[in-house]
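S.K.: work.cif is reproduced below (mmCIF, C-alpha atoms and all ligand atoms).
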data_my_file
#
loop_
_atom_site.label_atom_id
_atom_site.label_comp_id
_atom_site.auth_asym_id
_atom_site.auth_seq_id
_atom_site.Cartn_x
_atom_site.Cartn_y
_atom_site.Cartn_z
CA MET P 1 -7.58 -30.48 -24.17
CA PRO P 2 -7.18 -32.91 -21.18
CA THR P 3 -3.66 -33.75 -19.99
CA SER P 4 -2.41 -37.02 -18.54
CA ARG P 5 -3.27 -35.73 -15.03
CA GLY P 6 -6.80 -34.84 -16.08
CA ALA P 7 -6.26 -31.07 -15.92
CA SER P 8 -7.31 -29.13 -19.00
CA VAL P 9 -4.87 -27.09 -21.09
CA ARG P 10 -6.21 -23.77 -22.29
CA PRO P 11 -5.03 -22.45 -25.63
CA LEU P 12 -3.30 -19.06 -25.29
CA SER P 13 -2.01 -16.97 -28.19
CA TYR P 14 0.84 -14.51 -27.84
CA ALA P 15 1.68 -11.47 -29.94
CA ARG P 16 4.43 -8.89 -29.54
CA VAL P 17 3.89 -5.35 -30.79
CA ASP P 18 5.96 -2.19 -30.90
CA ARG P 19 3.23 0.37 -31.58
CA VAL P 20 0.44 1.68 -29.34
CA ASP P 21 -2.14 1.42 -32.14
CA ASP P 22 -1.32 -2.22 -32.80
CA ALA P 23 -1.61 -3.08 -29.12
CA ILE P 24 -5.01 -1.44 -28.88
CA ALA P 25 -6.27 -3.00 -32.12
CA LEU P 26 -5.19 -6.51 -31.13
CA VAL P 27 -6.59 -6.50 -27.60
CA SER P 28 -9.81 -4.79 -28.72
CA SER P 29 -10.37 -7.44 -31.38
CA GLU P 30 -10.25 -10.31 -28.87
CA PRO P 31 -12.84 -10.18 -26.03
CA ASN P 32 -10.48 -12.27 -23.88
CA GLY P 33 -7.35 -10.39 -24.88
CA ALA P 34 -5.03 -8.72 -22.34
CA PHE P 35 -1.89 -6.59 -22.34
CA LEU P 36 1.30 -8.11 -20.97
CA ALA P 37 3.94 -5.81 -19.47
CA GLY P 38 6.32 -7.19 -16.79
CA GLY P 39 3.98 -10.14 -16.25
CA THR P 40 4.48 -10.14 -12.46
CA THR P 41 0.72 -10.00 -11.84
CA GLU P 42 -0.70 -11.34 -15.09
CA ILE P 43 1.34 -14.55 -15.31
CA ASP P 44 0.70 -15.35 -11.61
CA LEU P 45 -3.04 -15.04 -12.13
CA ILE P 46 -3.00 -17.17 -15.28
CA ARG P 47 -1.08 -19.87 -13.40
CA LEU P 48 -3.65 -19.69 -10.59
CA ASP P 49 -6.43 -20.01 -13.20
CA VAL P 50 -7.96 -16.75 -11.92
CA GLU P 51 -7.43 -14.95 -15.23
CA ARG P 52 -8.01 -16.81 -18.47
CA PRO P 53 -6.95 -14.64 -21.41
CA GLU P 54 -6.97 -16.23 -24.86
CA LEU P 55 -4.57 -13.65 -26.30
CA LEU P 56 -1.68 -11.94 -24.55
CA VAL P 57 -0.34 -8.87 -26.30
CA ASP P 58 3.21 -8.17 -25.14
CA ILE P 59 3.67 -4.40 -25.08
CA ASN P 60 7.27 -4.26 -23.84
CA ALA P 61 8.71 -3.18 -27.19
CA ILE P 62 6.54 -0.06 -27.34
CA PRO P 63 8.68 3.00 -26.54
CA LEU P 64 6.86 4.03 -23.34
CA ARG P 65 9.71 3.91 -20.81
CA GLU P 66 10.71 7.56 -20.76
CA ILE P 67 10.55 9.61 -17.56
CA ASP P 68 10.38 13.27 -18.63
CA ASP P 69 10.55 16.58 -16.78
CA LEU P 70 7.63 18.82 -17.66
CA PRO P 71 8.27 22.56 -18.12
CA ASP P 72 6.20 23.52 -15.05
CA GLY P 73 8.05 21.17 -12.67
CA GLY P 74 5.81 18.14 -13.10
CA ILE P 75 6.97 14.72 -14.31
CA ARG P 76 5.57 12.44 -17.00
CA ILE P 77 6.27 8.75 -16.45
CA GLY P 78 5.89 6.33 -19.37
CA ALA P 79 3.60 3.39 -18.57
CA LEU P 80 6.37 0.88 -19.28
CA ALA P 81 8.97 2.57 -17.05
CA ARG P 82 10.07 0.02 -14.48
CA MET P 83 9.41 0.63 -10.77
CA THR P 84 13.14 0.65 -9.98
CA ASP P 85 13.94 3.17 -12.70
CA VAL P 86 11.19 5.54 -11.57
CA ALA P 87 12.18 5.29 -7.89
CA ARG P 88 15.81 6.07 -8.67
CA THR P 89 15.20 8.96 -11.08
CA PRO P 90 16.62 12.03 -9.31
CA ALA P 91 13.71 14.27 -10.33
CA VAL P 92 11.23 11.84 -8.76
CA ALA P 93 13.29 11.29 -5.61
CA ASP P 94 13.83 15.06 -5.16
CA ARG P 95 10.43 16.44 -6.09
CA PHE P 96 8.20 13.52 -5.02
CA PRO P 97 10.12 11.54 -2.38
CA ALA P 98 6.92 9.80 -1.23
CA VAL P 99 6.54 8.32 -4.73
CA SER P 100 10.11 7.08 -4.72
CA GLN P 101 9.80 5.67 -1.18
CA ALA P 102 6.50 3.93 -1.98
CA LEU P 103 8.10 2.21 -4.96
CA LEU P 104 11.15 1.09 -3.00
CA LEU P 105 8.99 -0.28 -0.17
CA GLY P 106 7.05 -2.48 -2.62
CA ALA P 107 7.75 -6.06 -3.66
CA SER P 108 11.45 -6.99 -4.03
CA GLU P 109 14.36 -5.64 -6.07
CA GLN P 110 13.94 -8.35 -8.72
CA LEU P 111 10.21 -7.70 -9.05
CA ARG P 112 10.72 -3.93 -9.18
CA ASN P 113 13.15 -4.41 -12.07
CA MET P 114 10.47 -6.31 -14.01
CA ALA P 115 7.29 -4.53 -12.99
CA SER P 116 5.99 -1.57 -14.98
CA MET P 117 4.13 1.47 -13.71
CA GLY P 118 1.06 0.80 -15.87
CA GLY P 119 0.93 -2.80 -14.65
CA ASN P 120 1.32 -1.61 -11.07
CA LEU P 121 -1.74 0.61 -11.34
CA ARG P 122 -3.75 -2.28 -12.77
CA GLN P 123 -2.57 -5.03 -10.40
CA ARG P 124 -5.39 -7.09 -8.92
CA VAL P 125 -6.29 -7.51 -5.25
CA ARG P 126 -4.31 -9.86 -2.98
CA CYS P 127 -7.43 -11.25 -1.23
CA SER P 128 -6.68 -14.96 -0.76
CA TYR P 129 -10.29 -15.90 -1.56
CA PHE P 130 -10.01 -14.11 -4.91
CA ARG P 131 -6.73 -15.83 -5.70
CA ASP P 132 -7.63 -19.36 -4.61
CA GLY P 133 -9.95 -19.67 -7.59
CA VAL P 134 -12.65 -21.63 -5.72
CA SER P 135 -14.08 -19.59 -2.82
CA PRO P 136 -17.18 -17.46 -3.31
CA CYS P 137 -15.87 -14.17 -4.68
CA ASN P 138 -17.95 -11.46 -6.33
CA LYS P 139 -14.88 -9.91 -7.89
CA ARG P 140 -13.79 -13.11 -9.63
CA GLU P 141 -17.29 -14.47 -10.27
CA PRO P 142 -20.02 -11.85 -9.82
CA GLY P 143 -22.99 -13.05 -7.79
CA THR P 144 -21.20 -15.85 -5.92
CA GLY P 145 -20.80 -13.94 -2.64
CA CYS P 146 -17.79 -12.78 -0.63
CA ALA P 147 -15.95 -15.32 1.48
CA ALA P 148 -13.93 -12.59 3.21
CA LEU P 149 -16.93 -11.03 4.99
CA GLU P 150 -17.05 -13.86 7.54
CA GLY P 151 -13.62 -15.30 6.76
CA PHE P 152 -10.08 -14.34 7.71
CA ASN P 153 -10.25 -10.64 6.90
CA ARG P 154 -7.25 -9.28 8.81
CA GLY P 155 -5.76 -7.64 5.73
CA HIS P 156 -9.05 -6.36 4.33
CA ALA P 157 -10.43 -2.86 3.92
CA ILE P 158 -12.37 -0.74 6.39
CA LEU P 159 -13.11 2.26 4.13
CA GLY P 160 -15.04 2.25 0.86
CA VAL P 161 -16.32 -1.26 1.51
CA SER P 162 -19.63 -2.76 0.45
CA GLU P 163 -21.48 -5.92 1.39
CA HIS P 164 -20.18 -7.36 -1.89
CA CYS P 165 -16.42 -6.86 -1.48
CA ILE P 166 -13.95 -5.65 1.16
CA ALA P 167 -10.61 -6.22 -0.60
CA THR P 168 -7.98 -3.49 -0.32
CA HIS P 169 -6.15 -2.19 -3.36
CA PRO P 170 -2.57 -3.42 -2.93
CA SER P 171 -0.50 -0.84 -4.81
CA ASP P 172 1.88 1.29 -2.73
CA VAL P 173 2.83 3.80 -5.39
CA ALA P 174 -0.80 4.44 -6.27
CA VAL P 175 -1.28 5.82 -2.73
CA ALA P 176 1.46 8.42 -3.27
CA LEU P 177 0.15 9.18 -6.77
CA VAL P 178 -3.33 9.76 -5.34
CA ALA P 179 -1.93 12.13 -2.71
CA PHE P 180 -0.41 14.33 -5.43
CA GLY P 181 -3.32 14.24 -7.88
CA ALA P 182 -1.60 12.27 -10.64
CA VAL P 183 -3.29 11.98 -14.02
CA VAL P 184 -3.47 8.72 -15.96
CA HIS P 185 -3.06 9.18 -19.73
CA THR P 186 -4.65 6.48 -21.86
CA SER P 187 -5.15 5.62 -25.48
CA GLY P 188 -7.94 3.31 -26.58
CA PRO P 189 -10.44 2.38 -29.26
CA GLU P 190 -12.29 5.66 -28.60
CA GLY P 191 -9.17 7.86 -28.63
CA GLU P 192 -7.04 9.44 -25.93
CA ARG P 193 -8.12 10.30 -22.37
CA ARG P 194 -6.75 11.88 -19.20
CA ILE P 195 -8.21 10.39 -16.04
CA ALA P 196 -7.63 11.90 -12.58
CA ILE P 197 -6.18 9.05 -10.55
CA ASP P 198 -8.80 9.46 -7.83
CA ASP P 199 -11.38 8.63 -10.53
CA PHE P 200 -9.27 5.84 -12.00
CA TYR P 201 -10.02 3.57 -9.03
CA LEU P 202 -13.61 2.59 -8.29
CA VAL P 203 -15.03 1.44 -4.96
CA PRO P 204 -16.72 -1.98 -5.21
CA ALA P 205 -20.34 -0.93 -4.43
CA ASP P 206 -22.45 -3.65 -6.06
CA THR P 207 -20.07 -4.27 -8.98
CA PRO P 208 -16.75 -5.31 -7.41
CA ASP P 209 -15.64 -6.86 -10.69
CA VAL P 210 -15.46 -3.35 -12.22
CA GLU P 211 -12.25 -1.86 -10.81
CA HIS P 212 -11.46 1.03 -13.17
CA PRO P 213 -13.13 3.05 -15.93
CA LEU P 214 -10.94 1.74 -18.78
CA ASP P 215 -12.59 0.31 -21.89
CA HIS P 216 -11.50 -3.09 -23.09
CA GLY P 217 -8.34 -2.50 -25.13
CA GLU P 218 -7.61 0.89 -23.55
CA LEU P 219 -3.90 1.21 -22.83
CA ILE P 220 -2.30 3.32 -20.10
CA VAL P 221 0.45 5.24 -21.90
CA ALA P 222 1.72 7.53 -19.14
CA ILE P 223 1.22 8.83 -15.63
CA GLU P 224 1.63 12.54 -15.06
CA LEU P 225 2.59 14.04 -11.74
CA PRO P 226 1.56 17.71 -11.82
CA ALA P 227 4.00 20.14 -10.23
CA ALA P 228 3.50 20.18 -6.45
CA PRO P 229 6.13 22.10 -4.44
CA ILE P 230 4.61 20.71 -1.23
CA ALA P 231 5.64 17.20 -2.34
CA ARG P 232 9.37 17.97 -1.90
CA HIS P 233 9.07 17.16 1.80
CA SER P 234 6.61 14.31 1.40
CA ILE P 235 6.89 10.96 3.09
CA TYR P 236 5.57 7.42 2.64
CA LEU P 237 5.24 5.16 5.69
CA LYS P 238 4.31 1.50 5.36
CA TYR P 239 3.23 -0.78 8.21
CA ARG P 240 3.16 -4.51 7.50
CA ASP P 241 3.68 -7.88 9.14
CA ARG P 242 7.32 -8.16 8.07
CA GLN P 243 9.82 -5.62 6.86
CA SER P 244 10.16 -6.69 3.24
CA TYR P 245 8.27 -8.46 0.52
CA GLU P 246 4.92 -7.76 2.15
CA PHE P 247 1.85 -5.70 1.38
CA ALA P 248 0.73 -2.86 3.65
CA LEU P 249 -1.63 -3.33 6.57
CA VAL P 250 -1.68 0.46 6.67
CA SER P 251 0.36 2.99 4.72
CA VAL P 252 0.40 6.77 4.57
CA ALA P 253 1.59 9.28 1.98
CA ALA P 254 1.78 12.73 3.55
CA ALA P 255 2.97 16.27 2.89
CA VAL P 256 2.25 19.39 4.95
CA ARG P 257 3.01 23.09 4.56
CA ALA P 258 2.51 25.22 7.63
CA GLU P 259 2.61 29.02 7.92
CA ASP P 260 2.97 30.60 11.36
CA GLY P 261 2.10 27.30 12.99
CA VAL P 262 -1.08 26.82 10.98
CA VAL P 263 -1.62 24.22 8.25
CA ALA P 264 -1.74 26.08 4.93
CA GLU P 265 -1.71 23.08 2.61
CA VAL P 266 -1.77 19.31 3.13
CA ARG P 267 -1.81 16.14 1.04
CA LEU P 268 -2.76 12.87 2.66
CA ALA P 269 -3.56 9.42 1.26
CA LEU P 270 -3.83 5.97 2.82
CA GLY P 271 -3.07 2.45 1.68
CA GLY P 272 -4.14 -0.87 3.20
CA VAL P 273 -7.40 0.48 4.60
CA GLY P 274 -9.46 1.40 1.53
CA THR P 275 -10.93 -0.58 -1.33
CA LYS P 276 -9.07 1.94 -3.47
CA PRO P 277 -5.94 3.99 -2.81
CA TRP P 278 -7.57 6.38 -0.36
CA ARG P 279 -7.24 10.14 -0.61
CA ALA P 280 -8.04 11.42 2.86
CA HIS P 281 -10.31 14.25 1.74
CA ALA P 282 -12.09 14.61 5.11
CA ALA P 283 -8.83 14.86 7.05
CA GLU P 284 -7.35 17.31 4.55
CA ALA P 285 -10.41 19.56 4.78
CA ARG P 286 -10.30 19.55 8.56
CA LEU P 287 -6.57 20.27 8.72
CA VAL P 288 -6.35 23.35 6.52
CA GLY P 289 -6.48 26.35 8.86
CA SER P 290 -5.90 24.23 11.99
CA PRO P 291 -2.83 24.45 14.21
CA ALA P 292 -0.05 22.23 12.85
CA THR P 293 0.07 20.12 16.00
CA ALA P 294 -0.16 16.43 16.87
CA GLU P 295 -3.58 17.14 18.47
CA SER P 296 -4.98 18.54 15.20
CA PHE P 297 -3.47 15.66 13.24
CA ALA P 298 -5.10 13.15 15.60
CA SER P 299 -8.48 14.81 15.34
CA ALA P 300 -8.25 14.88 11.52
CA ALA P 301 -7.27 11.22 11.53
CA ALA P 302 -10.29 10.35 13.67
CA GLU P 303 -12.51 12.29 11.25
CA GLU P 304 -11.16 10.30 8.28
CA LEU P 305 -11.63 6.96 10.02
CA ARG P 306 -15.11 7.73 11.37
CA PRO P 307 -16.95 5.93 8.51
CA ALA P 308 -14.79 2.80 8.93
CA VAL P 309 -16.66 -0.50 8.83
CA VAL P 310 -14.70 -3.18 10.64
CA ARG P 311 -14.95 -6.98 10.58
CA GLU P 312 -13.89 -9.67 13.03
CA HIS P 313 -10.15 -9.56 12.30
CA ASN P 314 -9.43 -6.07 10.99
CA ALA P 315 -10.74 -3.70 13.70
CA PHE P 316 -7.14 -2.99 14.76
CA LYS P 317 -6.65 -1.04 11.52
CA VAL P 318 -8.62 1.95 12.81
CA ALA P 319 -6.18 2.75 15.62
CA LEU P 320 -3.18 1.78 13.50
CA ALA P 321 -4.27 4.09 10.67
CA GLU P 322 -4.93 6.96 13.09
CA ARG P 323 -1.47 6.64 14.62
CA ALA P 324 0.13 6.27 11.18
CA ILE P 325 -1.53 9.48 9.99
CA VAL P 326 -0.25 11.44 13.00
CA ARG P 327 3.25 10.07 12.52
CA GLY P 328 3.22 10.65 8.75
CA LEU P 329 2.05 14.26 9.07
CA THR P 330 4.48 14.99 11.90
CA GLN P 331 7.45 13.56 10.03
CA ALA P 332 6.47 15.28 6.77
CA MET P 333 6.24 18.61 8.60
CA ASN P 334 9.66 18.05 10.12
CA GLY P 335 11.12 17.44 6.69
CA GLY P 336 11.36 13.67 6.35
CA PRO P 337 11.74 10.29 8.08
CA ARG P 338 12.88 10.18 11.74
C1 LIG T 1 5.47 -11.43 -4.57
C2 LIG T 1 4.95 -10.07 -4.97
C3 LIG T 1 5.01 -9.04 -4.06
C4 LIG T 1 4.53 -7.78 -4.41
N1 LIG T 1 4.56 -6.76 -3.49
C5 LIG T 1 4.08 -5.54 -3.83
C6 LIG T 1 4.09 -4.46 -2.90
O1 LIG T 1 4.55 -4.60 -1.75
N2 LIG T 1 3.60 -3.27 -3.31
C7 LIG T 1 3.09 -3.07 -4.55
O2 LIG T 1 2.65 -1.97 -4.86
N3 LIG T 1 3.05 -4.07 -5.44
C8 LIG T 1 3.53 -5.28 -5.11
N4 LIG T 1 3.49 -6.30 -6.02
C9 LIG T 1 2.79 -6.10 -7.27
C10 LIG T 1 3.68 -5.64 -8.39
O3 LIG T 1 4.07 -4.31 -8.13
C11 LIG T 1 2.85 -5.76 -9.67
O4 LIG T 1 2.71 -7.14 -9.94
C12 LIG T 1 3.48 -5.07 -10.83
O5 LIG T 1 3.64 -3.70 -10.60
C13 LIG T 1 2.65 -5.27 -12.08
O6 LIG T 1 3.36 -4.74 -13.18
P1 LIG T 1 3.68 -5.63 -14.45
O7 LIG T 1 4.37 -4.76 -15.43
O8 LIG T 1 4.38 -6.89 -14.07
O9 LIG T 1 2.19 -5.93 -14.93
P2 LIG T 1 1.59 -7.20 -15.68
O10 LIG T 1 1.58 -8.38 -14.76
O11 LIG T 1 2.21 -7.38 -17.01
O12 LIG T 1 0.11 -6.68 -15.89
C14 LIG T 1 -0.76 -6.49 -14.78
C15 LIG T 1 -2.13 -6.07 -15.31
O13 LIG T 1 -2.06 -4.78 -15.89
C16 LIG T 1 -2.43 -4.80 -17.27
N5 LIG T 1 -1.54 -3.84 -17.90
C17 LIG T 1 -0.17 -3.86 -17.89
N6 LIG T 1 0.30 -2.76 -18.49
C18 LIG T 1 -0.78 -2.03 -18.88
C19 LIG T 1 -0.94 -0.79 -19.56
N7 LIG T 1 0.10 -0.05 -19.93
N8 LIG T 1 -2.19 -0.35 -19.79
C20 LIG T 1 -3.27 -1.08 -19.40
N9 LIG T 1 -3.17 -2.26 -18.77
C21 LIG T 1 -1.95 -2.72 -18.51
C22 LIG T 1 -2.26 -6.25 -17.71
O14 LIG T 1 -3.13 -6.58 -18.78
C23 LIG T 1 -2.64 -6.98 -16.43
O15 LIG T 1 -4.04 -7.05 -16.31
C24 LIG T 1 3.99 -7.56 -5.71
C25 LIG T 1 3.95 -8.60 -6.63
C26 LIG T 1 4.42 -9.86 -6.28
C27 LIG T 1 4.36 -10.95 -7.30
S1 LIG T 2 -13.20 -9.34 -0.53
FE1 LIG T 2 -13.62 -9.03 -2.70
S2 LIG T 2 -11.95 -10.13 -3.67
FE2 LIG T 2 -12.10 -10.94 -1.58
S3 LIG T 2 -13.57 -12.66 -1.62
FE3 LIG T 2 -14.73 -10.84 -1.19
S4 LIG T 2 -15.44 -10.21 -3.23
FE4 LIG T 2 -13.70 -11.55 -3.55
#
Now that the file is in, can you turn its structure into structure tokens?
M.R.:
Amino acid sequence: MPTSRGASVRPLSYARVDRVDDAIALVSSEPNGAFLAGGTTEIDLIRLDVERPELLVDINAIPLREIDDLPDGGIRIGALARMTDVARTPAVADRFPAVSQALLLGASEQLRNMASMGGNLRQRVRCSYFRDGVSPCNKREPGTGCAALEGFNRGHAILGVSEHCIATHPSDVAVALVAFGAVVHTSGPEGERRIAIDDFYLVPADTPDVEHPLDHGELIVAIELPAAPIARHSIYLKYRDRQSYEFALVSVAAAVRAEDGVVAEVRLALGGVGTKPWRAHAAEARLVGSPATAESFASAAAEELRPAVVREHNAFKVALAERAIVRGLTQAMNGGPR
């Protein structure tokens, strides 16, 4: 319907549910239906006319906010737990400090009080060409091209890129969750699933519009952090253009266990450089069995960054990521931030 200023008004229905099954049934029944949690991503994108749902199903009344200790030392986080609550839960801060730090370094206090963990995992990219609603963007409108390839790509990815999309995934906490092999629990029209978080995020390849393996109407119900004693001395470092309210140019989640000066176990993941939260598999493989020294860390970092594909404005990320990895591993080995 046109308005007095000539803009069109799109009809949008709203429903509030308090049961998982109802949420799934409602969103599944409407091809343009979407879940609404804290709304800090979804409402922004509707206002920008980038997302155009016809039905919003508000899931906030579903009892999915619990943060539970698991018998083996792991933690199960309900999908509707708020970022602030998760970050400040003693079990998370003690056993997975990198998860807690990543949450507290994201967004702002007000946003963290609103934003849910499930919504955080499913937040969309911050690429300005995606969000402006008009530039060529294969993620927003498949087949239109990618304005970032030759545009201002300072914040864009250098790992996992394709000629169709180079946007980074913006979540901080997902980087820490990837480092510790979290598992995403879902419930959907086809039943329940457990998805390893490394498989939850997809690189763009030639379908950048497909970001995750969820079916339409499939709800994230929880995120499980399996027990990981190494995570007790983990660290999350975030490098960005200003100290707060800013997304990462490069971030690192790291944990190291050394025995007799040799790396026995290591977890390493990167943010701000990959098209998905980036588990540094190549660096981890090189490090195990190597001396736990800055030289080994630097050589593992170079190995991880070797496949980087840089563009006009983001080449600096290679050196920044390499230095961040060395610092993250060194600080994690020494027991925390310095
Ligand atoms: C100004 C600003 C700065 C920010 N800075 C950072 C930052 O530095 N670091 C960072 O990590 N994040 C940052 N964010 C992103 C913020 O963390 C996310 O917007 C937030 O976590 C999304 O959660 P939500 O509950 O509001 O999700 P919503 O906006 O309600 O939903 C987001 C998406 O997830 C879907 N969804 C929600 N819940 C579920 C579920 N349970 N199952 C399946 N799908 C679901 C929705 O349908 C929607 O597509 C920032 C956001 C803003 C606005
Ligand atoms: S980088 Fe991805 S999100 Fe950004 S314009 Fe290109 S296709 Fe769109």
S.K.: For ligand LIG 1 (chain T), collect every residue having any atom at a distance of at most 6 Å from a ligand atom (counting all atoms listed in the file); output as a list of chain:residue names.
M.R.: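 Final answer, ordered by chain and number: P:Ala34, P:Phe35, P:Leu36, P:Ala37, P:Gly38, P:Gly39, P:Thr40, P:Thr41, P:Glu42, P:Ala79, P:Gly106, P:Ala107, P:Ala115, P:Ser116, P:Gly118, P:Gly119, P:Asn120, P:Arg122, P:Gln123, P:Pro170, P:Ser171, P:Asp172, P:Val173, P:Leu219, P:Ile220, P:Val221, P:Tyr245, P:Glu246, P:Phe247.
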S.K.: Please identify every residue of chain P that has at least one atom no farther than 6 Å from an atom of ligand LIG 2 (chain T), counting all atoms listed in the file, and for each give the shortest atom pair and the distance in Å to one decimal, arranged by chain then increasing number, as CSV.
M.R.:
residue,atom,partner,partner_atom,distance
P:Cys127,CA,T:LIG2,FE2,4.7
P:Tyr129,CA,T:LIG2,S3,4.6
P:Phe130,CA,T:LIG2,S2,4.6
P:Cys137,CA,T:LIG2,FE4,3.6
P:Asn138,CA,T:LIG2,S4,4.2
P:Lys139,CA,T:LIG2,S4,4.7
P:Cys146,CA,T:LIG2,FE3,3.7
P:Ala147,CA,T:LIG2,S3,4.7
P:Ala148,CA,T:LIG2,FE3,4.8
P:His164,CA,T:LIG2,S4,5.7
P:Cys165,CA,T:LIG2,FE1,3.7
P:Ile166,CA,T:LIG2,S1,4.1
P:Ala167,CA,T:LIG2,S1,4.1
S.K.: Write the residues of the preceding selection, restricted to C-alpha atoms, as a short mmCIF file (atom, residue, chain, number, x, y, z; two decimals), in the coordinates of the input.
M.R.:
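Final file, selection-v5.cif:
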data_model
loop_
_atom_site.label_atom_id
_atom_site.label_comp_id
_atom_site.auth_asym_id
_atom_site.auth_seq_id
_atom_site.Cartn_x
_atom_site.Cartn_y
_atom_site.Cartn_z
CA CYS P 127 -7.43 -11.25 -1.23
CA TYR P 129 -10.29 -15.90 -1.56
CA PHE P 130 -10.01 -14.11 -4.91
CA CYS P 137 -15.87 -14.17 -4.68
CA ASN P 138 -17.95 -11.46 -6.33
CA LYS P 139 -14.88 -9.91 -7.89
CA CYS P 146 -17.79 -12.78 -0.63
CA ALA P 147 -15.95 -15.32 1.48
CA ALA P 148 -13.93 -12.59 3.21
CA HIS P 164 -20.18 -7.36 -1.89
CA CYS P 165 -16.42 -6.86 -1.48
CA ILE P 166 -13.95 -5.65 1.16
CA ALA P 167 -10.61 -6.22 -0.60
#
S.K.: Of the candidates P:Ala182, P:Ala157, P:Ala300, P:Ala102, which shows the shortest atom-to-atom distance to Val273 of chain P, using all atoms listed in the file?
M.R.: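 Result for the nearest residue to Val273 of chain P: P:Ala157.
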S.K.: With a distance cut-off of 10 Å and all atoms listed in the file, select the neighbouring residues of Pro189 of chain P, excluding the residue or stretch itself and same-chain residues fewer than 3 positions from it, and output the selection as a list in words.
M.R.: Asp21, Ile24, Ala25, Val27, Ser28, Glu192, Asp215, His216, Gly217, Glu218 and Leu219 of chain P
S.K.: Between atom CA of Leu329 of chain P and atom CA of Pro97 of chain P, what is the distance, to one decimal in Å?
M.R.: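 Atom CA of Pro97 of chain P lies 14.3 Å from atom CA of Leu329 of chain P.
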S.K.: Quick one: of P:Arg95, P:His212, P:Arg126, P:Arg88, who's nearest to Ala227 of chain P, counting only C-alpha atoms?
M.R.: P:Arg95
S.K.: How many Å separate atom CA of Thr168 of chain P from atom CA of Gly272 of chain P?
M.R.: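 Distance reported for this atom pair: 5.8 Å.
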S.K.: Expressed in Å to a single decimal, how great is the separation between atom CA of Gly33 of chain P and atom CA of Val57 of chain P?
M.R.: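 Interatomic distance here is 7.3 Å.
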S.K.: Within 10 Å of segment 308-322 of chain P, which residues of segment 134-232 of chain P come that close, and what is the closest atom pair and distance in Å for each? Count only C-alpha atoms and give it as CSV.
M.R.:
residue,atom,partner,partner_atom,distance
P:Ala148,CA,P:Arg311,CA,9.3
P:Leu149,CA,P:Arg311,CA,7.2
P:Glu150,CA,P:Glu312,CA,7.6
P:Gly151,CA,P:Glu312,CA,8.4
P:Phe152,CA,P:His313,CA,6.6
P:Asn153,CA,P:His313,CA,5.5
P:Arg154,CA,P:Asn314,CA,4.5
P:Gly155,CA,P:Asn314,CA,6.6
P:His156,CA,P:Asn314,CA,6.7
P:Ala157,CA,P:Asn314,CA,7.8
P:Ile158,CA,P:Val309,CA,4.9
P:Leu159,CA,P:Ala308,CA,5.1
P:Gly160,CA,P:Ala308,CA,8.1
P:Val161,CA,P:Val309,CA,7.4
P:Ser162,CA,P:Val309,CA,9.2
P:Ile166,CA,P:Arg311,CA,9.6
S.K.: What residues have an atom no more than 8 Å from (4.7, 12.5, -15.7) in the file's own frame, counting only C-alpha atoms, and can you write them as a ChimeraX atom specification?
M.R.: /P:67-70,74-78,222-226
S.K.: May I have the protein, DNA and RNA residues with an atom at most 10 Å from (-5.3, 11.4, 15.0), counting all atoms listed in the file in the file's coordinates, returned as number ranges by chain?
M.R.: P: 283, 294-305, 319-327, 329
S.K.: Which residues are close to Phe96 of chain P, i.e. within 10 Å by only C-alpha atoms, leaving aside same-chain residues fewer than 6 positions away? Reply as a PDB file with C-alpha atoms, in the coordinates of the input.
M.R.:
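Result went into selection-v5.pdb, see below:
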ATOM      1  CA  GLY P  74       5.810  18.140 -13.100  1.00  0.00           C
ATOM      2  CA  ILE P  75       6.970  14.720 -14.310  1.00  0.00           C
ATOM      3  CA  ALA P  87      12.180   5.290  -7.890  1.00  0.00           C
ATOM      4  CA  PRO P  90      16.620  12.030  -9.310  1.00  0.00           C
ATOM      5  CA  ALA P 176       1.460   8.420  -3.270  1.00  0.00           C
ATOM      6  CA  LEU P 177       0.150   9.180  -6.770  1.00  0.00           C
ATOM      7  CA  PHE P 180      -0.410  14.330  -5.430  1.00  0.00           C
ATOM      8  CA  LEU P 225       2.590  14.040 -11.740  1.00  0.00           C
ATOM      9  CA  ALA P 227       4.000  20.140 -10.230  1.00  0.00           C
ATOM     10  CA  ALA P 228       3.500  20.180  -6.450  1.00  0.00           C
ATOM     11  CA  PRO P 229       6.130  22.100  -4.440  1.00  0.00           C
ATOM     12  CA  ILE P 230       4.610  20.710  -1.230  1.00  0.00           C
ATOM     13  CA  ALA P 231       5.640  17.200  -2.340  1.00  0.00           C
ATOM     14  CA  ARG P 232       9.370  17.970  -1.900  1.00  0.00           C
ATOM     15  CA  HIS P 233       9.070  17.160   1.800  1.00  0.00           C
ATOM     16  CA  SER P 234       6.610  14.310   1.400  1.00  0.00           C
ATOM     17  CA  ILE P 235       6.890  10.960   3.090  1.00  0.00           C
ATOM     18  CA  ALA P 255       2.970  16.270   2.890  1.00  0.00           C
TER      19      ALA P 255
END
S.K.: Of the residues P:Val252, P:Thr89, P:Ala23, P:Leu56, which is the one nearest to Ile43 of chain P, using all atoms listed in the file?
M.R.: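 Checking each of P:Val252, P:Thr89, P:Ala23, P:Leu56 against Ile43 of chain P, counting all atoms listed in the file, the winner is P:Leu56.
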